[in-house]
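One structure below.
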Amino acid sequence: MKILLIYPYFLNDRVYTIEDVRAVPLGVYYVAAVLKHNRYDVEILNWHNINSTPHRIRETLAEKKPDMIGFSILNANRWGGIEIARVARQINPRVKIVFGGIGATYLWEHFLTHFQEVDFVAIGEGEHSFLKLVRCLEANRPAAIEKINGVAFRKNGQPVRTATAEPIGQLDDLPNPAQYFDYQHLALTRGCGGNCNFCGSPRFWGRQVRFHSADYFVDQLERLSQKGIQLFYFSDDTFTANKRRAIEVCRKIIEKKLDITWNAISRVDHVSEHVLYWMRKAGCIQISYGVESGSEKIRKYLFKNISSEKIHAAFSLTQKYGIMARAYFIYGAPQESRQTIQETIDLINTIKPLAAIFYILDIFPGTALYEDFKQRLKATDDIWLNRIEDIMYFETDPALTREMILAFGQKLRSNFFENLPGFVEAIELIDDEDLYSRHSSFLARLAMTFDHGDYSAVDVIEQKDRLVEKLYRQSLNYYPNAEACLGLGILYQKRGAQQDAVDILSRGLSHFPNDVRLNICLGVSLMNLADYDQALARFLEFPAEKDAVHFAARCYEALGDHQNAALFMDKYNTM
Ligand code: SF4
């Protein structure tokens with residue numbers, strides 16, 4: 001039996017493809033691992049952007065000839081799932097189509113009522129129900145499907161569902177997906193003790209948080225890092241839901257000497273100095289916190305039960321340990337006004353986050369907000385027959401207008417970016433020698449964000465060069481750092497300060513003599529100073545590096561050795 005698990009494309013193209021949208025949801029890897037463990041032929045297809053080459057859908061499905069396709073459905077990609085399922089049906093009318101994931105769970109009846117392409121919906125956690133479904137279909141025992149908890153299907157043409165499946169109690173019993181697949185998103189936990197009314201997580205995973213053991217989790221990391229993956233996203237709702245467990249994970253990462261960096265998500269009321277220290281030591285570079293609003297009234301409405309004091313404390317501590325504190329904000333909630341937006345701006349200017357994401361309040365099935373919306377507007381799930389990705393709260397509230405909400409978003413964003421340099425200037429890192437090398441890489445990474453990363457293209461941020469230089473310099477005050485030396489070297493080259501560039505690059509090479517980029521960059525500065533012999537000597541040390549070969553050709557040319565110049569140019573052109 002050939003099974004495909006597909007992560008379909010979204011209805012609207014993304015302006016920014018942030019890591020959360022591009023990545024196949026972690027649950028898909030778990031379902032696939034369970035199937036692999038049971039010796040099924042299963043493949044995962046990340047089709048989040050296949051709509052840019054639509055002919056590949058038909059070609060791939062015709063080539064792979066699946067007997068069954070599971071689709072990972074979020075609200076925004078459900079039309080992608082339906083469209084791909086239609087193509088699959090045209091190719092093979094007998095192919096079985098299963099929708100699963102958070103977007104399918106709460107709309108199971110809707111999908112089975114309106115879309116004949118969908119045969120089954122896996123409700124909730126899919127690992128066990130999907131496997132049982134596969135077994136029933138393989139054995140051609142359709143009647144047995146009614147005995148599987150957590151599935152929905154059509155019976156006599158009507159959508160029906162079975163009882164809710166029990167949440168998986170022992171997460172470590174699940175086969176480790178890293179045995180079979182490569183991915184960057186992992187989770188130590190399932191579930192969230194919170195109860196925010198805009199969030200589907202508590203109902204989907206449960207409010208009782210379940211944990212993997214630290215051993216299972218770190219084994220997953222180790223296997224993935226052995227395959228060359230060094231950057232991870234811990235996508236738990238709250239990685240530090242149990243601080244002791246989080247510290248155990250960090251200690252094991254350090255014990256195993258895993259050379260990794262990672263981003264995590266937490267809550268402002270679930271962090272402490274101790275856990276932040278261990279997280280930073282173990283390679284954590286960013287923690288995202290849901291702050292949502294500076295207005296207590298709006299936080300209360302959203303059931304975001306966190307105090308301003310906790311928000312201040314978490315942001316100040318996180319940044320003190322050299323971890324980028326990222327804030328999620330939501331705007332466009334009921335009673336949003338210029339005053340509440342100003343309260344959010346005031347909060348931002350106090351907590352000084354180094355990254356902030358601003359979302360318009362959306363209404364998703366599976367949330368308390370959605371139930372409220374259906375009641376208020378006498379709406380039904382048929383609203384999803386429209387080709388929309390989501391419902392924005394303001395569209396349902398006559399007191400709010402689109403113009404008003406868009407202007408609020410604009411104001412929040414421009415305030416953040418205008419003040420960001422000041423937030424950076426205000427960073428105060430803890431004076432702990434044990435963390436100096438971490439502080440150095442934190443400051444160098446922050447400099448790179450302004451130098452050539454996300455913030456480099458934001459025009460409202462003023463005097464980026466000055467900030468970048470200062471950050472690289474601060475980084476080097478803590479510890480030798482190749483990135484900081486290279487960044488400064490390039491900065492000085494651009495300014496035409498070649499001797500400064502030579503000095504800083506040479507300083508870098510005294511610590512990292514084999515660093516290819518530092519060597520080549522120094523060679524370029526020497527060329528700029530017309531010291532072609534020295535520059536050439538440096539380039540010749542890296543005969544396999546394309547840039548080095550190119551610059552070597554130019555040095556030979558400048559030295560009048562036209563034969564070698566031609567030789568190296570030929571080599572460069574064939575590399
Ligand atoms: S928004 Fe975060 S804290 Fe609130 S319920 Fe969802 S996962 Fe939990």
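Labeling convention for the structure tokens: chains A, B, ... as they appear, residues from 1 per chain, ligands from 1 in order of appearance.
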Give me the residues near Ala482 (chain A) as a PyMOL selection string, where near means some atom within 8 Å (using only C-alpha atoms) and where sequence neighbours in that chain fewer than 6 positions away do not count.
chain A and resi 508+512+515+518
With only C-alpha atoms as the counted atoms, please give the residues lying no more than 9 Å from Phe423 (chain A), apart from itself and same-chain residues fewer than 4 positions off, as a ChimeraX atom specification.
/A:349,351-354,419,427
Only N, CA, C and O atoms, please: the residues just picked out, written as an mmCIF file, in the first residue's frame.
```
data_model
loop_
_atom_site.group_PDB
_atom_site.id
_atom_site.type_symbol
_atom_site.label_atom_id
_atom_site.label_comp_id
_atom_site.auth_asym_id
_atom_site.auth_seq_id
_atom_site.Cartn_x
_atom_site.Cartn_y
_atom_site.Cartn_z
ATOM 1 N N ASN A 349 7.568 49.870 24.097
ATOM 2 C CA ASN A 349 8.692 50.760 24.379
ATOM 3 C C ASN A 349 9.295 50.510 25.760
ATOM 4 O O ASN A 349 10.423 50.909 26.034
ATOM 5 N N ILE A 351 9.226 47.180 27.245
ATOM 6 C CA ILE A 351 9.870 45.848 27.305
ATOM 7 C C ILE A 351 10.962 45.702 26.245
ATOM 8 O O ILE A 351 11.760 44.787 26.298
ATOM 9 N N LYS A 352 10.955 46.585 25.251
ATOM 10 C CA LYS A 352 12.025 46.643 24.247
ATOM 11 C C LYS A 352 12.342 45.293 23.593
ATOM 12 O O LYS A 352 13.483 44.808 23.686
ATOM 13 N N PRO A 353 11.377 44.685 22.962
ATOM 14 C CA PRO A 353 11.669 43.393 22.311
ATOM 15 C C PRO A 353 12.596 43.605 21.120
ATOM 16 O O PRO A 353 12.552 44.657 20.481
ATOM 17 N N LEU A 354 13.403 42.613 20.815
ATOM 18 C CA LEU A 354 14.301 42.737 19.664
ATOM 19 C C LEU A 354 13.650 42.187 18.403
ATOM 20 O O LEU A 354 14.194 42.300 17.312
ATOM 21 N N ASN A 419 11.889 52.538 16.889
ATOM 22 C CA ASN A 419 12.523 52.499 18.213
ATOM 23 C C ASN A 419 13.502 51.341 18.389
ATOM 24 O O ASN A 419 14.191 51.267 19.411
ATOM 25 N N ILE A 427 20.332 47.104 25.567
ATOM 26 C CA ILE A 427 20.605 45.724 26.019
ATOM 27 C C ILE A 427 21.660 45.731 27.124
ATOM 28 O O ILE A 427 22.704 46.370 26.996
#
```
Taking only C-alpha atoms and all ligand atoms and a cut-off of 9 Å, can you tell me which residues surround ligand 1, written as JSON, numbers by chain?
{"A": [191, 192, 193, 194, 195, 196, 197, 198, 199, 200, 201, 202, 203, 207, 236, 237, 238, 265, 266, 267, 289, 290, 292, 302, 303, 304, 305]}
Please provide the set of residues having any atom within 8 Å of Asn263 (chain A), restricted to only C-alpha atoms, with same-chain residues fewer than 2 positions apart removed, written as a ChimeraX atom specification.
/A:232-234,261,265,284-288
Mind writing the picked residues with N, CA, C and O atoms as an mmCIF file, in the first residue's frame?
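The new file out19.cif reads:
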```cif
data_model
loop_
_atom_site.group_PDB
_atom_site.id
_atom_site.type_symbol
_atom_site.label_atom_id
_atom_site.label_comp_id
_atom_site.auth_asym_id
_atom_site.auth_seq_id
_atom_site.Cartn_x
_atom_site.Cartn_y
_atom_site.Cartn_z
ATOM 1 N N PHE A 232 17.322 24.603 14.939
ATOM 2 C CA PHE A 232 16.044 23.957 15.241
ATOM 3 C C PHE A 232 15.009 24.965 15.758
ATOM 4 O O PHE A 232 15.371 26.026 16.274
ATOM 5 N N TYR A 233 13.756 24.576 15.618
ATOM 6 C CA TYR A 233 12.635 25.355 16.144
ATOM 7 C C TYR A 233 11.851 24.438 17.080
ATOM 8 O O TYR A 233 11.272 23.452 16.621
ATOM 9 N N PHE A 234 11.882 24.742 18.359
ATOM 10 C CA PHE A 234 11.105 23.950 19.307
ATOM 11 C C PHE A 234 9.703 24.562 19.302
ATOM 12 O O PHE A 234 9.495 25.668 19.791
ATOM 13 N N THR A 261 21.895 25.465 17.418
ATOM 14 C CA THR A 261 21.190 26.626 17.954
ATOM 15 C C THR A 261 19.696 26.374 17.774
ATOM 16 O O THR A 261 19.302 25.629 16.875
ATOM 17 N N ILE A 265 9.441 28.565 22.143
ATOM 18 C CA ILE A 265 8.256 29.369 22.468
ATOM 19 C C ILE A 265 7.973 29.145 23.952
ATOM 20 O O ILE A 265 8.084 28.015 24.429
ATOM 21 N N CYS A 284 20.069 28.073 22.945
ATOM 22 C CA CYS A 284 18.831 28.791 22.596
ATOM 23 C C CYS A 284 19.174 30.220 22.160
ATOM 24 O O CYS A 284 19.919 30.921 22.849
ATOM 25 N N ILE A 285 18.647 30.629 21.025
ATOM 26 C CA ILE A 285 18.955 31.983 20.542
ATOM 27 C C ILE A 285 17.730 32.901 20.554
ATOM 28 O O ILE A 285 17.850 34.107 20.466
ATOM 29 N N GLN A 286 16.549 32.313 20.632
ATOM 30 C CA GLN A 286 15.349 33.167 20.597
ATOM 31 C C GLN A 286 14.203 32.497 21.359
ATOM 32 O O GLN A 286 14.000 31.291 21.239
ATOM 33 N N ILE A 287 13.480 33.298 22.115
ATOM 34 C CA ILE A 287 12.244 32.798 22.737
ATOM 35 C C ILE A 287 11.105 33.714 22.304
ATOM 36 O O ILE A 287 11.204 34.942 22.413
ATOM 37 N N SER A 288 10.042 33.121 21.806
ATOM 38 C CA SER A 288 8.849 33.896 21.434
ATOM 39 C C SER A 288 7.828 33.813 22.565
ATOM 40 O O SER A 288 7.587 32.723 23.103
#
```
Determine which residues of region 201-335 of chain A receive a DSSP assignment of helix (DSSP H, G or I), computed from the backbone, and state them as number ranges by chain.
A: 201-205, 214-226, 243-255, 268-270, 273-281, 296-301, 308-320
Have a look at A:Thr53, A:Asn77, A:Gln170, A:Gln158 and name the one nearest to Ile6 (chain A); count only C-alpha atoms.
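For Ile6 (chain A), the nearest of the given residues is A:Asn77.
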Can you pull out the residues contacting region 31-42 of chain A? Cut-off 7 Å, using only C-alpha atoms, and skip same-chain residues under 2 positions away; I want them as an MDAnalysis selection string.
chainID A and resid 1:4 27:29 44 126:127 131 174:177 180
Could you save the residues just selected, with C-alpha atoms, as an mmCIF file, in the first residue's frame?
```cif
data_model
loop_
_atom_site.group_PDB
_atom_site.id
_atom_site.type_symbol
_atom_site.label_atom_id
_atom_site.label_comp_id
_atom_site.auth_asym_id
_atom_site.auth_seq_id
_atom_site.Cartn_x
_atom_site.Cartn_y
_atom_site.Cartn_z
ATOM 1 C CA MET A 1 0.000 0.000 0.000
ATOM 2 C CA LYS A 2 1.541 3.293 -1.097
ATOM 3 C CA ILE A 3 0.710 6.230 1.160
ATOM 4 C CA LEU A 4 1.481 9.883 0.585
ATOM 5 C CA GLY A 27 2.478 15.838 13.498
ATOM 6 C CA VAL A 28 2.900 14.649 9.908
ATOM 7 C CA TYR A 29 6.356 13.281 10.731
ATOM 8 C CA ILE A 44 5.940 13.078 2.855
ATOM 9 C CA GLY A 126 -3.702 11.203 14.172
ATOM 10 C CA GLU A 127 -0.948 8.679 14.870
ATOM 11 C CA LEU A 131 -2.645 3.597 11.287
ATOM 12 C CA LEU A 174 5.816 6.890 19.505
ATOM 13 C CA PRO A 175 8.598 5.884 17.126
ATOM 14 C CA ASN A 176 11.196 8.589 16.824
ATOM 15 C CA PRO A 177 10.571 10.377 13.481
ATOM 16 C CA TYR A 180 13.356 8.211 9.135
#
```
Considering only C-alpha atoms, return as JSON, numbers by chain whatever protein or nucleic-acid residues lie within 9 Å of Gln474 (chain A), sequence-local ones (same chain, fewer than 3 positions apart) excluded.
{"A": [440, 443, 444, 469, 470, 471, 477, 478]}
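The two atoms in question, CA of Phe181 (chain A) and CA of Phe217 (chain A), are spaced 14.8 Å apart.
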So the first atom is CA of Arg402 (chain A) and the second is CA of Arg326 (chain A); what is the distance between them in Å, to one decimal place?
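For CA of Arg402 (chain A) relative to CA of Arg326 (chain A), the distance reads 26.5 Å.
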Which residues come within 10 Å of region 448-464 of chain A, counting only C-alpha atoms, excluding same-chain residues fewer than 6 positions away, as an NGL selection string?
:A and (355 or 414-421 or 442 or 470-472 or 483-484 or 487 or 491)
If DSSP is run on the backbone, what residues of region 203-382 of chain A are strand (DSSP E)? A reply as a VMD selection string would be ideal.
chain A and resid 210 to 211 231 to 234 261 to 266 284 to 292 324 to 331 355 to 360 362 to 363
Generate a file of the selected residues that holds C-alpha atoms, formatted as an mmCIF file, in the first residue's frame.
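This went into part.cif:
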```cif
data_model
loop_
_atom_site.group_PDB
_atom_site.id
_atom_site.type_symbol
_atom_site.label_atom_id
_atom_site.label_comp_id
_atom_site.auth_asym_id
_atom_site.auth_seq_id
_atom_site.Cartn_x
_atom_site.Cartn_y
_atom_site.Cartn_z
ATOM 1 C CA ARG A 210 2.089 15.842 28.179
ATOM 2 C CA PHE A 211 5.829 15.428 27.857
ATOM 3 C CA LEU A 231 19.269 25.095 13.560
ATOM 4 C CA PHE A 232 16.044 23.957 15.241
ATOM 5 C CA TYR A 233 12.635 25.355 16.144
ATOM 6 C CA PHE A 234 11.105 23.950 19.307
ATOM 7 C CA THR A 261 21.190 26.626 17.954
ATOM 8 C CA TRP A 262 17.462 26.704 18.545
ATOM 9 C CA ASN A 263 14.403 28.882 18.931
ATOM 10 C CA ALA A 264 11.718 28.168 21.487
ATOM 11 C CA ILE A 265 8.256 29.369 22.468
ATOM 12 C CA SER A 266 7.321 30.014 26.062
ATOM 13 C CA CYS A 284 18.831 28.791 22.596
ATOM 14 C CA ILE A 285 18.955 31.983 20.542
ATOM 15 C CA GLN A 286 15.349 33.167 20.597
ATOM 16 C CA ILE A 287 12.244 32.798 22.737
ATOM 17 C CA SER A 288 8.849 33.896 21.434
ATOM 18 C CA TYR A 289 6.252 35.028 23.945
ATOM 19 C CA GLY A 290 2.584 35.695 23.307
ATOM 20 C CA VAL A 291 2.051 39.155 24.781
ATOM 21 C CA GLU A 292 -0.933 39.999 22.551
ATOM 22 C CA MET A 324 16.458 37.351 21.503
ATOM 23 C CA ALA A 325 13.057 37.970 23.107
ATOM 24 C CA ARG A 326 10.381 38.012 20.407
ATOM 25 C CA ALA A 327 6.892 39.288 21.150
ATOM 26 C CA TYR A 328 3.697 38.234 19.431
ATOM 27 C CA PHE A 329 1.023 40.910 19.379
ATOM 28 C CA ILE A 330 -2.580 40.728 18.266
ATOM 29 C CA TYR A 331 -4.546 43.796 17.252
ATOM 30 C CA ALA A 355 11.712 41.129 17.394
ATOM 31 C CA ALA A 356 7.958 41.554 17.199
ATOM 32 C CA ILE A 357 5.239 39.944 15.117
ATOM 33 C CA PHE A 358 1.902 41.694 14.762
ATOM 34 C CA TYR A 359 -1.189 39.714 13.781
ATOM 35 C CA ILE A 360 -4.735 40.847 13.156
ATOM 36 C CA ASP A 362 -8.410 35.976 13.372
ATOM 37 C CA ILE A 363 -11.261 33.647 14.145
#
```
Point-to-point distance from CA of Gly294 (chain A) to CA of Ala314 (chain A), Å rounded to tenths:
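Those two atoms sit 14.7 Å apart.
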Fewer than 6 positions away in the same chain doesn't count, so skip those; otherwise give me all residues within 12 Å of region 65-68 of chain A, counting only C-alpha atoms, as a VMD selection string.
chain A and resid 1 to 6 40 to 44 57 to 59 85 88 to 99 118 to 120 130 to 131 133 to 135 137 to 138
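For the residues A:Ala447, A:Ile430, A:Ala152, A:Ala241, ranking by smallest atom-to-atom distance to Arg280 (chain A) using only C-alpha atoms places A:Ile430 first.
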Nearest to Leu112 (chain A): which of A:Gly157, A:Gly70, A:Gly206, A:Gly100 is it, counting only C-alpha atoms?
A:Gly157
Let me make sure I understand: among A:Ala313, A:Tyr106, A:Asn481, A:Ser525, which one has the smallest atom-to-atom distance to Arg495 (chain A) if we use only C-alpha atoms?
A:Ser525
